[in-house]
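Enquirer: What follows is my_file.cif, made up of mmCIF, C-alpha atoms:
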data_my_file
#
loop_
_atom_site.label_atom_id
_atom_site.label_comp_id
_atom_site.auth_asym_id
_atom_site.auth_seq_id
_atom_site.Cartn_x
_atom_site.Cartn_y
_atom_site.Cartn_z
CA MET A 4 48.75 125.43 144.87
CA LYS A 5 52.24 126.90 145.00
CA LYS A 6 54.33 126.32 148.12
CA GLU A 7 54.60 130.06 148.63
CA THR A 8 50.81 130.38 148.48
CA LEU A 9 50.44 127.78 151.21
CA ARG A 10 53.04 129.55 153.31
CA GLN A 11 51.20 132.85 152.92
CA ILE A 12 47.92 131.21 153.95
CA LYS A 13 49.41 129.76 157.12
CA GLN A 14 51.06 133.07 157.89
CA ALA A 15 47.75 134.90 157.53
CA TYR A 16 46.30 132.87 160.42
CA GLU A 17 49.36 133.67 162.52
CA ILE A 18 49.21 137.39 161.74
CA GLU A 19 45.54 137.74 162.67
CA GLU A 20 45.96 135.63 165.81
CA GLU A 21 48.80 137.90 166.90
CA CYS A 22 46.62 140.94 166.22
CA ILE A 23 43.79 139.74 168.45
CA ARG A 24 46.23 138.94 171.25
CA GLY A 25 47.72 142.40 170.85
CA LEU A 26 44.26 143.96 171.13
CA ALA A 27 43.69 142.11 174.39
CA ASP A 28 47.06 143.34 175.70
CA THR A 29 46.22 146.98 174.89
CA PHE A 30 42.70 146.82 176.37
CA ASP A 31 41.93 150.04 178.28
CA GLU A 32 39.28 149.32 180.89
CA LYS A 33 38.59 152.97 181.64
CA ALA A 34 38.04 153.91 177.99
CA TYR A 35 35.85 150.89 177.31
CA SER A 36 33.81 151.51 180.45
CA LYS A 37 33.09 155.06 179.32
CA ALA A 38 32.25 153.96 175.77
CA ILE A 39 29.92 151.22 177.01
CA GLU A 40 28.16 153.65 179.33
CA LEU A 41 27.59 156.09 176.46
CA LEU A 42 26.26 153.34 174.18
CA LYS A 43 24.09 151.91 176.93
CA ASN A 44 22.35 155.23 177.57
CA ALA A 45 22.15 156.57 174.02
CA PRO A 46 18.63 156.86 172.58
CA ARG A 47 20.15 156.38 169.12
CA ILE A 48 23.58 155.39 167.82
CA GLY A 49 25.18 156.26 164.50
CA THR A 50 28.24 154.60 163.00
CA SER A 51 30.42 155.87 160.19
CA GLY A 52 33.62 155.01 158.37
CA CYS A 53 35.02 154.66 154.86
CA GLY A 54 36.15 151.58 152.97
CA HIS A 55 36.63 148.46 155.08
CA SER A 56 36.04 150.50 158.25
CA GLY A 57 32.66 151.52 156.87
CA ILE A 58 31.74 147.91 156.17
CA MET A 59 32.62 146.98 159.76
CA CYS A 60 30.56 149.96 160.98
CA GLN A 61 27.56 148.59 159.08
CA HIS A 62 28.12 145.29 160.86
CA PHE A 63 28.23 147.03 164.25
CA ALA A 64 25.03 148.97 163.57
CA HIS A 65 23.28 145.69 162.81
CA LEU A 66 24.71 144.04 165.93
CA LEU A 67 23.36 146.92 168.01
CA CYS A 68 19.92 146.59 166.46
CA CYS A 69 20.00 142.89 167.37
CA ILE A 70 20.16 143.88 171.05
CA GLU A 71 17.56 146.63 170.56
CA ARG A 72 19.90 149.61 170.63
CA PRO A 73 18.44 151.74 167.80
CA SER A 74 21.32 152.18 165.37
CA ARG A 75 22.11 153.17 161.83
CA PHE A 76 25.18 153.23 159.62
CA ILE A 77 25.45 156.77 158.26
CA SER A 78 27.28 156.89 154.96
CA PRO A 79 29.95 159.60 154.92
CA ALA A 80 28.56 160.77 151.59
CA GLU A 81 24.99 161.01 152.90
CA ALA A 82 25.96 162.40 156.31
CA VAL A 83 26.66 165.88 154.96
CA HIS A 84 23.48 165.81 152.89
CA GLY A 85 21.00 165.48 155.75
CA ALA A 86 21.49 161.94 157.09
CA THR A 87 22.91 163.25 160.38
CA GLY A 88 19.36 164.37 161.13
CA PHE A 89 18.91 160.83 162.46
CA LEU A 90 20.97 161.86 165.49
CA GLN A 91 19.85 164.29 168.20
CA LYS A 92 21.35 165.80 171.34
CA GLY A 93 22.40 163.02 173.71
CA ASP A 94 22.86 160.40 170.99
CA VAL A 95 26.20 158.77 170.15
CA MET A 96 28.21 158.64 166.94
CA VAL A 97 30.90 155.99 166.48
CA PHE A 98 33.69 156.83 164.04
CA ALA A 99 36.15 154.21 162.79
CA SER A 100 39.33 155.35 161.08
CA ARG A 101 42.62 153.51 161.45
CA GLY A 102 44.66 156.65 160.80
CA GLY A 103 42.15 158.99 162.44
CA LYS A 104 42.41 161.49 159.60
CA THR A 105 39.75 160.29 157.15
CA LYS A 106 38.76 163.59 155.54
CA GLU A 107 35.21 162.49 154.79
CA LEU A 108 34.54 162.04 158.52
CA LEU A 109 35.84 165.38 159.77
CA PRO A 110 32.81 167.45 158.66
CA ILE A 111 30.53 164.88 160.32
CA MET A 112 32.42 165.33 163.59
CA GLU A 113 31.76 169.07 163.44
CA ILE A 114 28.04 168.45 162.88
CA CYS A 115 28.00 166.13 165.89
CA LYS A 116 29.69 168.72 168.08
CA THR A 117 27.20 171.38 167.01
CA LYS A 118 24.29 169.06 167.82
CA GLU A 119 25.86 167.95 171.15
CA ILE A 120 26.15 164.33 170.06
CA LYS A 121 28.70 162.26 171.98
CA ILE A 122 31.57 160.87 169.89
CA ILE A 123 33.42 157.57 170.18
CA THR A 124 36.41 157.20 167.87
CA ILE A 125 38.22 153.95 167.14
CA THR A 126 41.69 154.53 165.73
CA GLU A 127 45.37 153.63 165.93
CA ASN A 128 46.38 157.27 165.96
CA LEU A 129 45.59 158.79 169.36
CA GLU A 130 46.96 162.17 168.21
CA SER A 131 44.72 162.37 165.14
CA PRO A 132 41.89 164.90 164.60
CA LEU A 133 39.20 162.25 165.03
CA ALA A 134 40.78 161.10 168.29
CA LYS A 135 41.29 164.57 169.72
CA GLY A 136 37.73 165.57 168.91
CA ALA A 137 36.18 162.51 170.55
CA ASP A 138 34.63 162.05 173.99
CA VAL A 139 36.11 158.54 174.12
CA VAL A 140 38.90 156.95 172.11
CA LEU A 141 39.31 153.18 171.75
CA LYS A 142 42.72 152.17 170.44
CA GLN A 143 42.81 149.92 167.40
CA TYR A 144 45.93 147.77 167.43
CA VAL A 145 47.08 146.35 164.09
CA ASN A 146 50.36 144.45 163.72
CA ARG A 147 50.23 144.21 159.90
CA GLU A 148 47.86 143.24 157.11
CA THR A 149 47.88 139.63 155.94
CA ASP A 150 48.86 140.24 152.32
CA LYS A 151 52.55 140.27 151.43
CA TYR A 152 52.41 143.96 150.56
CA ASN A 153 50.87 144.90 153.93
CA ALA A 154 48.34 146.98 152.02
CA GLN A 155 44.89 145.36 152.00
CA GLY A 156 42.34 145.99 154.76
CA THR A 157 42.48 142.49 156.21
CA THR A 158 43.94 142.36 159.72
CA SER A 159 42.81 145.93 160.35
CA SER A 160 39.23 144.86 159.58
CA THR A 161 39.56 141.92 161.96
CA ALA A 162 40.84 144.25 164.69
CA LEU A 163 37.94 146.65 164.25
CA CYS A 164 35.44 143.81 164.10
CA MET A 165 36.87 142.40 167.35
CA ILE A 166 36.45 145.77 169.08
CA PHE A 167 32.82 145.89 167.96
CA HIS A 168 32.25 142.33 169.19
CA VAL A 169 33.70 143.25 172.59
CA LEU A 170 31.33 146.23 172.82
CA GLN A 171 28.37 144.06 171.82
CA THR A 172 29.30 141.42 174.39
CA ALA A 173 29.61 144.06 177.12
CA LEU A 174 26.32 145.76 176.23
CA ILE A 175 24.41 142.48 176.47
CA GLU A 176 25.73 142.10 180.01
CA GLU A 177 25.33 145.73 181.07
CA THR A 178 21.78 146.11 179.74
CA GLY A 179 20.58 142.69 180.92
CA TYR A 180 19.49 141.81 177.40
CA LYS A 181 17.77 138.41 177.25
CA ASN A 182 17.61 135.76 174.55
CA GLU A 183 13.82 135.88 174.86
CA GLN A 184 13.93 139.44 173.54
CA PHE A 185 16.10 138.38 170.63
CA ALA A 186 13.65 135.58 169.80
CA VAL A 187 10.92 138.18 169.20
CA ILE A 188 12.92 140.22 166.69
CA HIS A 189 14.75 137.28 165.07
CA PRO A 190 12.11 134.69 164.12
CA GLY A 191 13.76 134.00 160.76
CA GLY A 192 16.27 131.34 159.77
CA ALA A 193 17.83 128.53 161.78
CA VAL A 194 18.71 130.92 164.62
CA GLY A 195 15.10 132.06 164.85
CA GLU A 196 13.82 128.50 164.91
CA ARG A 197 16.22 127.58 167.71
CA LEU A 198 15.48 130.69 169.76
CA ASN A 199 11.72 130.37 169.52
CA LYS A 200 11.78 126.63 170.17
CA ASN A 201 13.68 127.28 173.39
CA THR A 202 11.22 129.96 174.54
CA LYS A 203 8.09 127.82 174.13
#
Could you write out this file's structure as structure tokens?
Expert:
Amino acid sequence: MKKETLRQIKQAYEIEEECIRGLADTFDEKAYSKAIELLKNAPRIGTSGCGHSGIMCQHFAHLLCCIERPSRFISPAEAVHGATGFLQKGDVMVFASRGGKTKELLPIMEICKTKEIKIITITENLESPLAKGADVVLKQYVNRETDKYNAQGTTSSTALCMIFHVLQTALIEETGYKNEQFAVIHPGGAVGERLNKNTK
């Protein structure tokens, strides 16, 4: 391994650590409280984003299902071809877009507004269309990406993932979700064995 490669590796840890600390420093209790309340009371939750943001949105939808909040990742491509039928009045859509201008998401926002679906947007750009059209905006802080060109979706993905983990953590507390419930829906794998062993 080249010395420069090793230096870049060590720096990557430092960059992402700094990002998470920055997220904690920019935490907005009022915004998170409102977002958590919407997610807590939503009959159904949709998530949508493109690229790395979309992958993180898929992760969040799965996390929500794991605490029995009915959720689905809605592909931006499928959303405008009928997939937004999953959501009804009173549901919540979560958009993730670092720049807040992702053109594939803007038509979905209009559909949500027409159907009276609440919108949570996660973005760095609080003046963006996706932020201005949202009911709640959660700020995504990103110091820089880990690669030397500051171009790949690395640290930004970590930041978004951390926001989703915070929401998941809060919802478990706010809804009173119990491990015994998780044991029922997660009997598979090592986690399932441990959960069900502890509930017997």
Enquirer: Written as number ranges by chain, which residues does the PyMOL selection byres ((chain A and resi 55-67) around 10) give for the file shown?
Expert: A: 42, 48-54, 68-79, 97-101, 125, 155-157, 159-168, 170-172, 174-175
Enquirer: Name every residue that the PyMOL selection byres ((chain A and resi 30) around 10) selects in this structure, writing the answer as a list of chain:residue names with chains first and numbers rising.
Expert: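 Here the PyMOL selection byres ((chain A and resi 30) around 10) matches A:Gly25, A:Leu26, A:Ala27, A:Asp28, A:Thr29, A:Asp31, A:Glu32, A:Lys33, A:Ala34, A:Tyr35, A:Leu141, A:Lys142, A:Gln143, A:Tyr144, A:Ile166.
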Enquirer: Could you tell me which residues the PyMOL selection byres ((chain A and resi 140) around 9) returns for this structure, as a ChimeraX atom specification?
Expert: /A:34-35,38,122-126,129,133-135,137-139,141-142
Enquirer: Which is closer to Ile114 in chain A than all the others in A:Gly88, A:Gly93, A:Pro132, A:Gly192, using all atoms listed in the file?
Expert: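 Answer, going by the shortest atom-to-atom distance: A:Gly88.
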Enquirer: Could you state the separation of CA of Gln184 in chain A and CA of Ala45 in chain A in Å, given to one decimal place?
Expert: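 Result for CA of Gln184 in chain A versus CA of Ala45 in chain A: 19.0 Å, one decimal.
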Enquirer: Go through A:Leu108, A:Ala80, A:Ile120, A:Ala15 and flag the residue nearest Asp94 in chain A, using all atoms listed in the file for the distances.
Expert: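 The answer is A:Ile120, which sits nearest to Asp94 in chain A.
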Enquirer: Give me, please, the distance in Å between CA of Tyr152 in chain A and CA of Met4 in chain A, quoted to one decimal.
Expert: 19.7 Å
Enquirer: Take CA of Glu19 in chain A and CA of Thr149 in chain A and report the distance between them in Å, one decimal.
Expert: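 Here the two named atoms are 7.4 Å from each other.
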Enquirer: I need the residue nearest Pro110 in chain A from this list: A:Lys92, A:Ala186, A:Glu130, A:Val83. Use all atoms listed in the file for the distance.
Expert: A:Val83
